Each structure stands twice: as C-alpha cells, then as structure tokens.
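Heads up, the thing below is written out as structure tokens.
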Amino acid sequence: MPAKPVRSGKTVPQRKAAQAKAPRGKRTHAGTAQAKPTAKPATSSRSAAAARDIGALNGHLGYFVRRLQIWVFQDFIRTLSPLEISPAQFSVLAVIHANEGLSQAELGHTLAIERARLVRLLDRLQRRDLLERLPSSADGRRHALRLTPSGQSTLKQARALAERHEAGLLTKLGETRYRALMDALRS
C-alpha cells in the first residue's frame, strides 16, 4: 500500500527523509529547515565536568532527597540485576509475602502505585510464575495475591541482595546519618 501524502504534498517517509537531511534548526510544516543562527562558542575554559556551585538548589531539601533517591536506586537496580527484578517488583513481592491474600487495591494503596501500572507489574510477575492471583474468599470481585514457590525463592534471594545493598548504604553514609535519615523518613 503506497504511503499517504500529507499537506505538503510529500509522503510521510519523504518528509522524514527531508528532515533527516536538513540542517538542524527550526522545522517548517513541509519538513525543510530554516537556517539556525550560529551560536558563538563559549569563552569559558570549563570542561564538561559538573558545576561546583548549584546556586539556589543548595537550600532545597527536595533537590537533595531526589539526588539521594537516584543514587540509592541506581545501586539497588545494579544489586538486583542478577535476579532480573526491579526495585518496584521487589517491593511488590515483599509486601505480598508479608500480607498473603492482600488485594490488588490494598497493595496499590500500600505502595502508592497507580492501578494501571500495578496491573502491568503484577502481570509481569505472574508471567514469570512469581505470584498468583486467587479469587478472594471475602469478595468474588477481588483477587487475593500470593507468592508461588518460585516467587518465595526469588524473594529470599532478593532479600539477601537487598541486605547487602543496605549494608553498603550504611557504610557509605555512616551509622549516625543512616539512622537519622531512616528515623526522619519513617515518621
């Protein structure tokens, strides 16, 4: 089937090819580019290294919490990678293990995961035979969540990796900071 032309008279593949060949700059509706004014090179002798002064961010707790969260998650993702599970999947397995028979809605509320994302997460874990959804004895419209034997085994391995991860955080932050941070965030 031939490609449909668009308003410019060019087909979508022709327009994309023209855009790819056109110099960078402002694109017009026909897919051609208008010349972009050349920027003057920076006169600073700074390299691509990070800036030393973060300005107003230095007074924002949210900035530092986010930086810490990224650093912790990157390490946790690396730590869990041999099991091919994400931190979110680990959280789901841990909460289900601690609360067998929990409903999807209760799990989503506990972990603050919106419904559509939680369903996809549970589908992936179920396809890997790590959990099962059983009809709830209390309400036929809900599912009761339970780990499979494979899920229990995977969680056991993941918990050992998570403990190693936490020990690394404790070492990196120092016990006083680690405990103070945990106490502040738990309350």
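Each chain in the structure tokens gets a letter, A, B, ..., in the order shown, and its residues are numbered from 1; ligands are numbered from 1 in order too.
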Mind checking which residues fall within 10 Å of Leu145 of chain A, counting only C-alpha atoms, ignoring those fewer than 6 positions away in the same chain, and posting them as a JSON list (two decimals) with N, CA and C atoms, in the first residue's frame?
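The result, stored in part-v2.json:
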[["chain", "number", "residue", "atom", "x", "y", "z"],
["A", 93, "LEU", "N", 6.77, -8.01, 45.76],
["A", 93, "LEU", "CA", 6.96, -9.36, 46.31],
["A", 93, "LEU", "C", 7.07, -9.32, 47.84],
["A", 96, "ILE", "N", 3.54, -8.56, 49.41],
["A", 96, "ILE", "CA", 2.65, -9.72, 49.26],
["A", 96, "ILE", "C", 3.08, -10.83, 50.23],
["A", 97, "HIS", "N", 4.39, -11.04, 50.34],
["A", 97, "HIS", "CA", 4.89, -12.08, 51.25],
["A", 97, "HIS", "C", 4.48, -11.77, 52.70],
["A", 99, "ASN", "N", 1.90, -10.03, 53.61],
["A", 99, "ASN", "CA", 0.45, -9.89, 53.73],
["A", 99, "ASN", "C", -0.26, -10.82, 52.76],
["A", 100, "GLU", "N", -0.03, -12.12, 52.85],
["A", 100, "GLU", "CA", -0.63, -13.05, 51.90],
["A", 100, "GLU", "C", -2.15, -12.87, 51.87],
["A", 101, "GLY", "N", -2.69, -12.85, 50.65],
["A", 101, "GLY", "CA", -4.12, -12.68, 50.48],
["A", 101, "GLY", "C", -4.53, -11.23, 50.26],
["A", 102, "LEU", "N", -3.55, -10.33, 50.28],
["A", 102, "LEU", "CA", -3.78, -8.91, 50.04],
["A", 102, "LEU", "C", -4.43, -8.72, 48.68],
["A", 103, "SER", "N", -5.33, -7.77, 48.56],
["A", 103, "SER", "CA", -5.95, -7.48, 47.26],
["A", 103, "SER", "C", -5.05, -6.55, 46.46],
["A", 104, "GLN", "N", -5.28, -6.47, 45.15],
["A", 104, "GLN", "CA", -4.53, -5.56, 44.30],
["A", 104, "GLN", "C", -4.72, -4.12, 44.76],
["A", 107, "LEU", "N", -2.69, -3.48, 47.89],
["A", 107, "LEU", "CA", -1.27, -3.44, 47.53],
["A", 107, "LEU", "C", -0.93, -2.10, 46.88],
["A", 122, "LEU", "N", 2.04, -6.63, 38.11],
["A", 122, "LEU", "CA", 1.55, -7.94, 38.55],
["A", 122, "LEU", "C", 1.50, -8.93, 37.38],
["A", 131, "LEU", "N", 4.08, -14.93, 41.27],
["A", 131, "LEU", "CA", 2.91, -14.72, 42.11],
["A", 131, "LEU", "C", 1.69, -15.27, 41.40],
["A", 132, "GLU", "N", 0.63, -15.44, 42.18],
["A", 132, "GLU", "CA", -0.64, -15.86, 41.60],
["A", 132, "GLU", "C", -1.75, -15.02, 42.18],
["A", 133, "ARG", "N", -2.78, -14.86, 41.35],
["A", 133, "ARG", "CA", -3.98, -14.13, 41.76],
["A", 133, "ARG", "C", -5.07, -15.18, 41.97],
["A", 134, "LEU", "N", -5.56, -15.25, 43.17],
["A", 134, "LEU", "CA", -6.59, -16.22, 43.50],
["A", 134, "LEU", "C", -7.90, -15.50, 43.79],
["A", 135, "PRO", "N", -9.03, -16.12, 43.51],
["A", 135, "PRO", "CA", -10.30, -15.47, 43.87],
["A", 135, "PRO", "C", -10.35, -15.29, 45.38],
["A", 136, "SER", "N", -10.78, -14.12, 45.81],
["A", 136, "SER", "CA", -10.87, -13.81, 47.23],
["A", 136, "SER", "C", -12.07, -14.53, 47.84]]
Margin query: Quick check, in Å to one decimal: how far apart do atom CA of Phe90 of chain A and atom CA of Ala162 of chain A lie?
Written below: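 Atom-to-atom, atom CA of Phe90 of chain A to atom CA of Ala162 of chain A, that is 9.1 Å.
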Next item on the list: Excluding segment 58-74 of chain A and any residue of its chain fewer than 5 positions from it, enumerate the residues within 10 Å of it, using only C-alpha atoms, and give them as a ChimeraX atom specification.
Entry: /A:53,79,86-87,165-166,169
Margin query: Between atom CA of Arg117 of chain A and atom CA of Ser91 of chain A, what distance in Å does the model show, to one decimal?
Written below: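 Spanning atom CA of Arg117 of chain A to atom CA of Ser91 of chain A is a straight-line distance of 13.7 Å.
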Checklist line | Atom-to-atom span, atom CA of Pro149 of chain A and atom CA of Asp129 of chain A, Å | finding: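 Distance reported for this atom pair: 8.7 Å.
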